[in-house]
file protein-v9.txt (compact mmCIF, C-alpha atoms and all ligand atoms)
# COMPACT_ATOMS: atom_id res chain seq x y z
CA MET A 289 14.74 102.35 -77.75
CA ARG A 290 17.77 103.39 -75.67
CA ARG A 291 19.64 106.46 -76.94
CA ASP A 292 22.93 104.54 -77.27
CA THR A 293 21.29 101.77 -79.28
CA TRP A 294 19.56 104.30 -81.52
CA LEU A 295 22.86 106.15 -82.15
CA ASP A 296 24.69 102.89 -82.90
CA GLU A 297 22.00 101.92 -85.40
CA LEU A 298 22.14 105.38 -86.95
CA ALA A 299 25.89 104.97 -87.54
CA VAL A 300 25.29 101.60 -89.19
CA GLU A 301 22.50 103.01 -91.39
CA LEU A 302 24.60 106.03 -92.46
CA ALA A 303 27.55 103.78 -93.35
CA ALA A 304 25.18 101.52 -95.31
CA ARG A 305 24.23 104.57 -97.39
CA GLY A 306 27.88 105.21 -98.23
CA ILE A 307 28.34 108.17 -95.89
CA GLY A 308 32.04 108.37 -94.91
CA PRO A 309 33.26 107.79 -91.35
CA GLY A 310 34.04 111.49 -90.70
CA GLU A 311 30.60 112.63 -91.81
CA THR A 312 28.93 109.75 -89.97
CA ALA A 313 30.72 110.60 -86.72
CA ALA A 314 29.74 114.26 -87.05
CA VAL A 315 26.05 113.42 -87.59
CA VAL A 316 26.02 110.97 -84.67
CA VAL A 317 27.71 113.46 -82.32
CA GLU A 318 25.28 116.21 -83.35
CA ALA A 319 22.28 113.95 -82.80
CA ASP A 320 23.68 112.85 -79.43
CA VAL A 321 24.16 116.45 -78.29
CA HIS A 322 20.65 117.40 -79.44
CA LEU A 323 19.05 114.48 -77.61
CA ARG A 324 20.94 115.25 -74.40
CA GLU A 325 20.19 118.95 -74.50
CA THR A 326 16.47 118.56 -75.25
CA GLY A 327 15.96 115.41 -73.20
CA THR A 328 13.76 114.06 -76.01
CA GLY A 329 13.63 110.38 -76.91
CA ALA A 330 15.46 109.54 -80.14
CA LEU A 331 12.44 107.98 -81.84
CA VAL A 332 10.30 111.01 -81.02
CA ALA A 333 12.95 113.52 -82.13
CA PHE A 334 14.24 111.82 -85.28
CA GLY A 335 12.11 108.75 -86.08
CA SER A 336 13.76 105.42 -86.77
CA PRO A 337 17.54 105.29 -87.37
CA ALA A 338 16.92 104.10 -90.94
CA ALA A 339 14.49 106.93 -91.70
CA TYR A 340 16.78 109.57 -90.22
CA ALA A 341 19.83 108.18 -92.05
CA ALA A 342 17.87 108.31 -95.31
CA ALA A 343 16.90 111.94 -94.64
CA VAL A 344 20.52 112.85 -93.84
CA ALA A 345 21.78 111.10 -96.99
CA ASP A 346 19.17 113.01 -99.04
CA ALA A 347 20.19 116.32 -97.45
CA LEU A 348 23.88 115.69 -98.08
CA GLY A 349 23.19 114.88 -101.73
CA PRO A 350 24.39 111.97 -103.88
CA GLU A 351 27.98 113.19 -103.94
CA ALA A 352 28.21 112.68 -100.17
CA ALA A 353 28.07 108.94 -100.64
CA HIS A 354 31.58 107.52 -100.87
CA ARG A 355 33.02 111.00 -100.67
CA PRO A 356 36.25 110.64 -98.70
CA ALA A 357 36.24 112.47 -95.38
CA ALA A 358 37.79 115.93 -95.75
CA ARG A 359 40.27 114.91 -93.10
CA GLN A 360 41.00 111.61 -91.52
CA ALA A 361 39.76 111.12 -87.97
CA ARG A 362 42.91 110.48 -85.95
CA ALA A 363 41.50 110.19 -82.44
CA ARG A 364 37.99 109.75 -81.18
CA ALA A 365 36.32 109.54 -77.80
CA SER A 366 32.85 108.02 -78.11
CA ARG A 367 30.32 108.58 -75.34
CA VAL A 368 33.02 108.58 -72.70
CA SER A 369 32.03 108.82 -69.05
CA LYS A 370 34.04 109.23 -65.87
CA ARG A 371 32.97 109.45 -62.23
CA TYR A 372 34.98 110.58 -59.24
CA ARG A 373 33.63 109.60 -55.84
CA GLY A 374 30.15 109.04 -57.16
CA THR A 375 29.99 112.30 -59.12
CA ASP A 376 29.78 112.37 -62.91
CA VAL A 377 32.61 114.42 -64.37
CA LEU A 378 32.13 113.27 -67.94
CA ASP A 379 28.81 111.76 -68.95
CA GLY A 380 28.73 110.42 -72.47
CA VAL A 381 31.09 112.91 -74.10
CA SER A 382 32.03 112.38 -77.74
CA VAL A 383 34.81 114.26 -79.52
CA GLU A 384 36.73 113.67 -82.70
CA LEU A 385 40.17 114.97 -83.69
CA ARG A 386 41.06 115.06 -87.35
CA ASP A 387 44.32 115.38 -89.20
CA GLY A 388 45.13 118.95 -90.14
CA GLU A 389 43.04 120.53 -87.38
CA ALA A 390 44.02 122.50 -84.30
CA VAL A 391 41.01 122.23 -82.01
CA LEU A 392 40.33 124.23 -78.87
CA LEU A 393 38.70 122.48 -75.90
CA MET A 394 37.04 124.95 -73.61
CA GLY A 395 34.58 125.03 -70.74
CA PRO A 396 34.24 126.21 -67.14
CA ASN A 397 36.64 125.24 -64.36
CA GLY A 398 36.09 121.69 -63.22
CA CYS A 399 33.94 120.59 -66.18
CA GLY A 400 36.37 117.78 -67.04
CA LYS A 401 38.70 119.12 -69.74
CA SER A 402 41.89 117.77 -68.17
CA THR A 403 40.12 114.50 -67.38
CA LEU A 404 39.10 114.15 -71.03
CA LEU A 405 42.65 114.89 -72.21
CA ARG A 406 44.10 112.29 -69.85
CA ILE A 407 41.58 109.75 -71.10
CA LEU A 408 42.47 110.53 -74.74
CA ALA A 409 46.16 110.25 -73.82
CA GLY A 410 45.54 106.78 -72.41
CA LEU A 411 46.61 107.82 -68.92
CA LEU A 412 43.18 107.42 -67.36
CA ARG A 413 40.65 104.66 -67.97
CA PRO A 414 37.09 105.89 -68.66
CA ASP A 415 34.22 104.23 -66.78
CA GLY A 416 32.23 103.97 -69.98
CA GLY A 417 32.54 104.60 -73.70
CA ALA A 418 35.48 104.02 -75.99
CA VAL A 419 38.64 105.81 -77.10
CA ASP A 420 40.14 105.08 -80.45
CA VAL A 421 43.49 106.59 -81.46
CA ASP A 422 45.16 105.82 -84.74
CA GLY A 423 48.80 106.80 -84.18
CA THR A 424 51.09 108.28 -81.55
CA ILE A 425 50.25 110.88 -78.93
CA GLY A 426 52.22 113.73 -77.41
CA TYR A 427 50.70 115.01 -74.18
CA ALA A 428 51.58 118.07 -72.12
CA PRO A 429 49.89 118.08 -68.69
CA GLN A 430 48.57 121.24 -67.08
CA ASP A 431 51.05 121.03 -64.19
CA GLY A 432 54.37 119.34 -63.80
CA GLY A 433 55.60 117.06 -66.52
CA VAL A 434 59.20 118.17 -66.06
CA ILE A 435 61.95 117.06 -63.67
CA GLY A 436 63.46 119.85 -61.59
CA ASP A 437 67.06 118.61 -61.51
CA LEU A 438 67.40 117.90 -65.22
CA LEU A 439 68.59 120.30 -67.91
CA PRO A 440 66.36 120.85 -70.95
CA ASP A 441 68.78 118.81 -73.11
CA GLU A 442 68.51 115.93 -70.62
CA HIS A 443 64.72 116.12 -70.87
CA PHE A 444 64.96 115.99 -74.67
CA VAL A 445 66.98 112.77 -74.47
CA LEU A 446 64.77 111.24 -71.77
CA PHE A 447 61.54 111.96 -73.68
CA GLY A 448 62.96 111.58 -77.20
CA ARG A 449 64.57 108.14 -76.82
CA PRO A 450 61.29 106.22 -76.23
CA ARG A 451 59.91 107.99 -79.31
CA GLY A 452 62.66 106.59 -81.46
CA LEU A 453 65.02 109.58 -81.50
CA ALA A 454 68.74 108.99 -81.06
CA ARG A 455 70.41 111.09 -78.34
CA ASP A 456 71.80 113.80 -80.63
CA ALA A 457 68.65 113.93 -82.77
CA ALA A 458 66.52 114.37 -79.65
CA ILE A 459 68.66 117.28 -78.46
CA GLN A 460 68.69 118.85 -81.91
CA GLN A 461 64.94 118.56 -82.34
CA GLY A 462 64.23 119.79 -78.80
CA ARG A 463 66.43 122.85 -79.27
CA ARG A 464 64.87 123.60 -82.65
CA LEU A 465 61.32 123.44 -81.25
CA ALA A 466 62.40 125.59 -78.29
CA ASP A 467 63.90 128.11 -80.70
CA GLN A 468 60.55 128.30 -82.53
CA LEU A 469 59.03 129.32 -79.20
CA GLY A 470 61.69 132.00 -78.80
CA TRP A 471 63.62 130.11 -76.14
CA ASP A 472 67.33 129.25 -76.13
CA ALA A 473 67.19 125.83 -74.47
CA ALA A 474 70.89 125.09 -75.01
CA SER A 475 72.02 127.63 -72.44
CA ALA A 476 69.10 127.23 -70.03
CA PRO A 477 69.43 126.00 -66.43
CA ALA A 478 67.78 122.90 -64.96
CA ALA A 479 63.98 122.80 -65.21
CA GLY A 480 63.51 123.65 -61.52
CA ALA A 481 65.17 127.02 -62.09
CA LEU A 482 63.12 127.95 -65.16
CA SER A 483 60.44 130.64 -64.99
CA GLY A 484 56.81 129.44 -65.15
CA GLY A 485 56.33 130.48 -68.78
CA THR A 486 59.62 128.91 -69.85
CA ARG A 487 58.74 125.68 -68.06
CA GLN A 488 55.55 125.63 -70.14
CA LYS A 489 57.69 125.97 -73.28
CA LEU A 490 59.69 122.95 -72.16
CA ASN A 491 56.41 121.07 -71.61
CA VAL A 492 55.21 121.90 -75.12
CA VAL A 493 58.54 120.91 -76.68
CA LEU A 494 58.48 117.58 -74.83
CA ALA A 495 54.98 116.83 -76.11
CA ALA A 496 56.00 117.58 -79.70
CA LEU A 497 59.29 115.64 -79.64
CA GLY A 498 59.35 112.81 -82.15
CA GLU A 499 56.47 114.43 -84.06
CA PRO A 500 53.55 112.38 -82.73
CA ASP A 501 50.34 112.21 -84.79
CA VAL A 502 48.23 113.91 -82.12
CA LEU A 503 49.19 116.70 -79.73
CA LEU A 504 47.17 117.03 -76.52
CA LEU A 505 48.12 120.24 -74.71
CA ASP A 506 46.57 121.21 -71.39
CA GLU A 507 46.69 125.01 -70.94
CA PRO A 508 50.04 125.10 -72.75
CA TYR A 509 50.68 128.82 -72.76
CA GLN A 510 49.67 129.81 -69.28
CA GLY A 511 52.37 132.24 -68.13
CA MET A 512 53.92 132.78 -71.58
CA ASP A 513 54.46 136.39 -72.70
CA ARG A 514 52.56 137.80 -75.66
CA ASP A 515 55.31 137.16 -78.22
CA SER A 516 55.69 133.58 -77.03
CA VAL A 517 51.93 133.00 -77.28
CA GLN A 518 52.06 134.16 -80.91
CA ARG A 519 55.02 131.85 -81.53
CA PHE A 520 53.18 128.99 -79.86
CA TRP A 521 50.25 129.37 -82.29
CA GLU A 522 52.59 129.65 -85.26
CA LEU A 523 54.18 126.39 -84.17
CA LEU A 524 50.74 124.81 -83.83
CA TRP A 525 49.54 126.09 -87.21
CA ALA A 526 52.67 124.69 -88.87
CA TRP A 527 51.95 121.45 -87.05
CA ARG A 528 48.40 121.17 -88.37
CA ASP A 529 49.48 122.37 -91.84
CA GLY A 530 51.79 119.36 -91.78
CA GLY A 531 48.64 117.24 -91.51
CA ARG A 532 48.72 116.47 -87.79
CA ALA A 533 45.99 116.79 -85.20
CA ALA A 534 46.05 118.93 -82.06
CA LEU A 535 43.72 119.50 -79.12
CA VAL A 536 44.46 122.48 -76.90
CA VAL A 537 42.77 123.30 -73.59
CA SER A 538 42.77 127.02 -72.90
CA HIS A 539 40.77 129.71 -71.14
CA ALA A 540 42.54 132.44 -73.12
CA HIS A 541 40.21 134.66 -75.17
CA ASP A 542 42.53 134.73 -78.18
CA ALA A 543 42.39 130.94 -78.51
CA ILE A 544 38.84 130.94 -79.91
CA GLU A 545 39.92 133.04 -82.88
CA ARG A 546 43.11 131.09 -83.46
CA ALA A 547 41.83 127.53 -83.33
CA ASP A 548 40.29 125.84 -86.37
CA ALA A 549 37.40 124.44 -84.35
CA VAL A 550 36.06 124.83 -80.86
CA ILE A 551 34.67 122.05 -78.70
CA GLU A 552 32.83 123.29 -75.66
CA LEU A 553 32.30 121.06 -72.67
CA SER A 554 29.16 122.10 -70.87
CA ALA A 555 29.19 122.27 -67.08
CA SER A 556 25.53 121.45 -66.80
CA ARG A 557 23.24 118.51 -67.36
CA ALA A 558 24.74 115.97 -69.71
CA ARG A 559 28.07 117.74 -70.03
CA ALA A 560 27.79 117.45 -73.75
CA ALA A 561 30.63 118.30 -76.09
CA ALA A 562 29.51 120.60 -78.86
CA ARG A 563 31.74 121.32 -81.83
CA THR A 564 30.74 124.86 -82.61
CA ARG A 565 33.00 125.85 -85.42
CA SER A 566 35.03 124.03 -87.95
CA ALA A 567 37.59 125.17 -90.48
CA ALA A 568 36.31 122.64 -92.99
N1 LIG B 601 41.87 112.25 -59.19
C1 LIG B 601 40.73 112.86 -58.87
N2 LIG B 601 39.99 112.46 -57.82
C2 LIG B 601 38.82 113.05 -57.53
N3 LIG B 601 38.28 114.07 -58.24
C3 LIG B 601 38.98 114.50 -59.31
C4 LIG B 601 40.22 113.93 -59.69
N4 LIG B 601 40.67 114.57 -60.80
C5 LIG B 601 39.74 115.51 -61.09
N5 LIG B 601 38.74 115.46 -60.20
C6 LIG B 601 37.53 116.31 -60.21
O1 LIG B 601 36.94 116.19 -61.49
C7 LIG B 601 36.42 117.45 -61.92
C8 LIG B 601 37.02 117.78 -63.28
O2 LIG B 601 38.40 118.06 -63.13
P1 LIG B 601 39.28 118.52 -64.38
O3 LIG B 601 40.65 118.81 -63.85
O4 LIG B 601 39.15 117.52 -65.46
O5 LIG B 601 38.54 119.86 -64.82
P2 LIG B 601 39.00 121.01 -65.83
O6 LIG B 601 37.83 121.29 -66.71
O7 LIG B 601 40.27 120.64 -66.49
O8 LIG B 601 39.21 122.24 -64.83
P3 LIG B 601 40.12 123.57 -64.93
O9 LIG B 601 39.53 124.45 -65.99
O10 LIG B 601 39.97 124.18 -63.57
O11 LIG B 601 41.54 123.14 -65.21
C9 LIG B 601 36.74 118.45 -60.82
O12 LIG B 601 35.61 118.60 -60.02
C10 LIG B 601 37.88 117.80 -60.06
O13 LIG B 601 37.87 118.19 -58.72
call {"tool": "encode", "arguments": {"input": "protein-v9.txt", "output": "structure tokens", "more": "lines below"}}
Ligand SMILES: Nc1ncnc2c1ncn2[C@@H]1O[C@H](COP(=O)(O)OP(=O)(O)OP(=O)(O)O)[C@@H](O)[C@H]1O
result
Amino acid sequence: MRRDTWLDELAVELAARGIGPGETAAVVVEADVHLRETGTGALVAFGSPAAYAAAVADALGPEAAHRPAARQARARASRVSKRYRGTDVLDGVSVELRDGEAVLLMGPNGCGKSTLLRILAGLLRPDGGAVDVDGTIGYAPQDGGVIGDLLPDEHFVLFGRPRGLARDAAIQQGRRLADQLGWDAASAPAAGALSGGTRQKLNVVLAALGEPDVLLLDEPYQGMDRDSVQRFWELLWAWRDGGRAALVVSHAHDAIERADAVIELSASRARAAARTRSAA
């Protein structure tokens, strides 16, 4: 039996036993990662989907059935793949973002973190797999994302209007978010004249404008000073405490300790995504 078919049947069998969608997704992702890393066939490793689902349901105990997921899954990439010029960048990667969680996405240079973020943001079409997002997305790219000739206030209006913010509300919200990052946007020059770290603050503010349900931030605090990095995390923690989801790409050592969960993209073999720690 093909791995994908086996995993699909496992999801159906878990749901049939009353296991909630969050728990089901976690079990399927874990099984997927295990199969990829060991290279074992699903039937050999776990037996039939029905038998494995029954064993999982037993292990979780009767209260797992119909237990609501601790947090709602807000965005999910399921077995996503992407090739560039015949080379696999992502090969069957699955990740899940839940409300109330600030998740760190890490992995070596070139392993596909930015590609995965762009796919989740709907900016890039995957070659295989599915992306499911329930709500709105705010995305801050690794580079660029701002317009050199425009003032920060003009950015706030430009980005805030399509998200339903009136002109004044967009400026007010943009300035408030900037202030939380320790930046006085009202008196700042055009984006082209901002320092690298300050331009990153503008990028983060633009992603958060209009309070989208999911924040996708690609190396958001590269170039920010230490105080600003602390402020960035405080902003993100307040964000997730407000019940929203966030995925942050970073190579910074402090990020592992500060995030609620860590998803590591492997550079080798199947390029599996392993969720190694959860705040749940
Ligand atoms: N548009 C493109 N055309 C061809 N190859 C691309 C394109 N975009 C990315 N790649 C390649 O895909 C791979 C993954 O790139 P990506 O930017 O997603 O990695 P990353 O994990 O974010 O890297 P880093 O940590 O250096 O930012 C790299 O080998 C990159 O060269």
call {"tool": "atom_distance", "arguments": {"input": "protein-v9.txt", "atom1": "CA of Leu405 (chain A)", "atom2": "CA of Ser516 (chain A)"}}
result
23.3 Å
call {"tool": "residues_near_ligand", "arguments": {"input": "protein-v9.txt", "ligand": "ligand LIG 601 (chain B)", "cutoff": "9 Å", "atoms": "only C-alpha atoms and all ligand atoms", "output": "ChimeraX atom specification"}}
result
/A:370-373,375-378,394-406,430,506-507,537-539,553,555
call {"tool": "write_last_selection", "arguments": {"input": "protein-v9.txt", "atoms": "C-alpha atoms", "output": "PDB file, keeping the file's coordinate frame"}}
result
ATOM      1  CA  LYS A 370      34.040 109.230 -65.870  1.00  0.00           C
ATOM      2  CA  ARG A 371      32.970 109.450 -62.230  1.00  0.00           C
ATOM      3  CA  TYR A 372      34.980 110.580 -59.240  1.00  0.00           C
ATOM      4  CA  ARG A 373      33.630 109.600 -55.840  1.00  0.00           C
ATOM      5  CA  THR A 375      29.990 112.300 -59.120  1.00  0.00           C
ATOM      6  CA  ASP A 376      29.780 112.370 -62.910  1.00  0.00           C
ATOM      7  CA  VAL A 377      32.610 114.420 -64.370  1.00  0.00           C
ATOM      8  CA  LEU A 378      32.130 113.270 -67.940  1.00  0.00           C
ATOM      9  CA  MET A 394      37.040 124.950 -73.610  1.00  0.00           C
ATOM     10  CA  GLY A 395      34.580 125.030 -70.740  1.00  0.00           C
ATOM     11  CA  PRO A 396      34.240 126.210 -67.140  1.00  0.00           C
ATOM     12  CA  ASN A 397      36.640 125.240 -64.360  1.00  0.00           C
ATOM     13  CA  GLY A 398      36.090 121.690 -63.220  1.00  0.00           C
ATOM     14  CA  CYS A 399      33.940 120.590 -66.180  1.00  0.00           C
ATOM     15  CA  GLY A 400      36.370 117.780 -67.040  1.00  0.00           C
ATOM     16  CA  LYS A 401      38.700 119.120 -69.740  1.00  0.00           C
ATOM     17  CA  SER A 402      41.890 117.770 -68.170  1.00  0.00           C
ATOM     18  CA  THR A 403      40.120 114.500 -67.380  1.00  0.00           C
ATOM     19  CA  LEU A 404      39.100 114.150 -71.030  1.00  0.00           C
ATOM     20  CA  LEU A 405      42.650 114.890 -72.210  1.00  0.00           C
ATOM     21  CA  ARG A 406      44.100 112.290 -69.850  1.00  0.00           C
ATOM     22  CA  GLN A 430      48.570 121.240 -67.080  1.00  0.00           C
ATOM     23  CA  ASP A 506      46.570 121.210 -71.390  1.00  0.00           C
ATOM     24  CA  GLU A 507      46.690 125.010 -70.940  1.00  0.00           C
ATOM     25  CA  VAL A 537      42.770 123.300 -73.590  1.00  0.00           C
ATOM     26  CA  SER A 538      42.770 127.020 -72.900  1.00  0.00           C
ATOM     27  CA  HIS A 539      40.770 129.710 -71.140  1.00  0.00           C
ATOM     28  CA  LEU A 553      32.300 121.060 -72.670  1.00  0.00           C
ATOM     29  CA  ALA A 555      29.190 122.270 -67.080  1.00  0.00           C
TER      30      ALA A 555
END
call {"tool": "closest_residue", "arguments": {"input": "protein-v9.txt", "among": "A:Met512, A:Ala549, A:Ala338, A:Ala479", "to": "Ala304 (chain A)", "atoms": "all atoms listed in the file"}}
result
A:Ala338
call {"tool": "residues_around", "arguments": {"input": "protein-v9.txt", "residues": "Thr424 (chain A)", "least_positions_apart": "6", "cutoff": "8 Å", "atoms": "only C-alpha atoms", "output": "JSON list (two decimals) with C-alpha atoms, keeping the file's coordinate frame"}}
result
[["chain", "number", "residue", "atom", "x", "y", "z"],
["A", 500, "PRO", "CA", 53.55, 112.38, -82.73],
["A", 501, "ASP", "CA", 50.34, 112.21, -84.79],
["A", 502, "VAL", "CA", 48.23, 113.91, -82.12]]
call {"tool": "residues_around", "arguments": {"input": "protein-v9.txt", "residues": "region 449-451 of chain A", "least_positions_apart": "2", "cutoff": "10 Å", "atoms": "only C-alpha atoms", "output": "ChimeraX atom specification"}}
result
/A:424,426,443-447,453-458,497-500
call {"tool": "closest_residue", "arguments": {"input": "protein-v9.txt", "among": "A:Val300, A:Ala540, A:Val317, A:Val332", "to": "Ser382 (chain A)", "atoms": "only C-alpha atoms"}}
result
A:Val317
call {"tool": "residues_around", "arguments": {"input": "protein-v9.txt", "residues": "Ser336 (chain A)", "least_positions_apart": "3", "cutoff": "12 Å", "atoms": "all atoms listed in the file", "output": "MDAnalysis selection string"}}
result
chainID A and resid 289:291 293:298 301 329:333 339:343
call {"tool": "atom_distance", "arguments": {"input": "protein-v9.txt", "atom1": "CA of Leu524 (chain A)", "atom2": "CA of Arg546 (chain A)"}}
result
9.9 Å
call {"tool": "residues_near_point", "arguments": {"input": "protein-v9.txt", "point": "(69.3, 121.4, -68.3)", "cutoff": "10 Å", "atoms": "only C-alpha atoms", "output": "number ranges by chain"}}
result
A: 435-444, 473-482
call {"tool": "closest_residue", "arguments": {"input": "protein-v9.txt", "among": "A:Ala547, A:Ala428, A:Leu494, A:Ala534", "to": "Ala361 (chain A)", "atoms": "all atoms listed in the file"}}
result
A:Ala534
call {"tool": "atom_distance", "arguments": {"input": "protein-v9.txt", "atom1": "CA of Asp422 (chain A)", "atom2": "CA of Gly530 (chain A)"}}
result
16.6 Å
call {"tool": "closest_residue", "arguments": {"input": "protein-v9.txt", "among": "A:Ala345, A:Val321, A:Leu490, A:Ala390", "to": "Pro429 (chain A)", "atoms": "all atoms listed in the file"}}
result
A:Leu490
call {"tool": "residues_around", "arguments": {"input": "protein-v9.txt", "residues": "Asp431 (chain A)", "least_positions_apart": "6", "cutoff": "12 Å", "atoms": "all atoms listed in the file", "output": "list in words"}}
result
Ser402, Gly484, Gly485, Arg487, Gln488, Leu490, Asn491, Val492, Leu505, Asp506, Glu507, Pro508, Tyr509, Gln510 and Gly511 of chain A
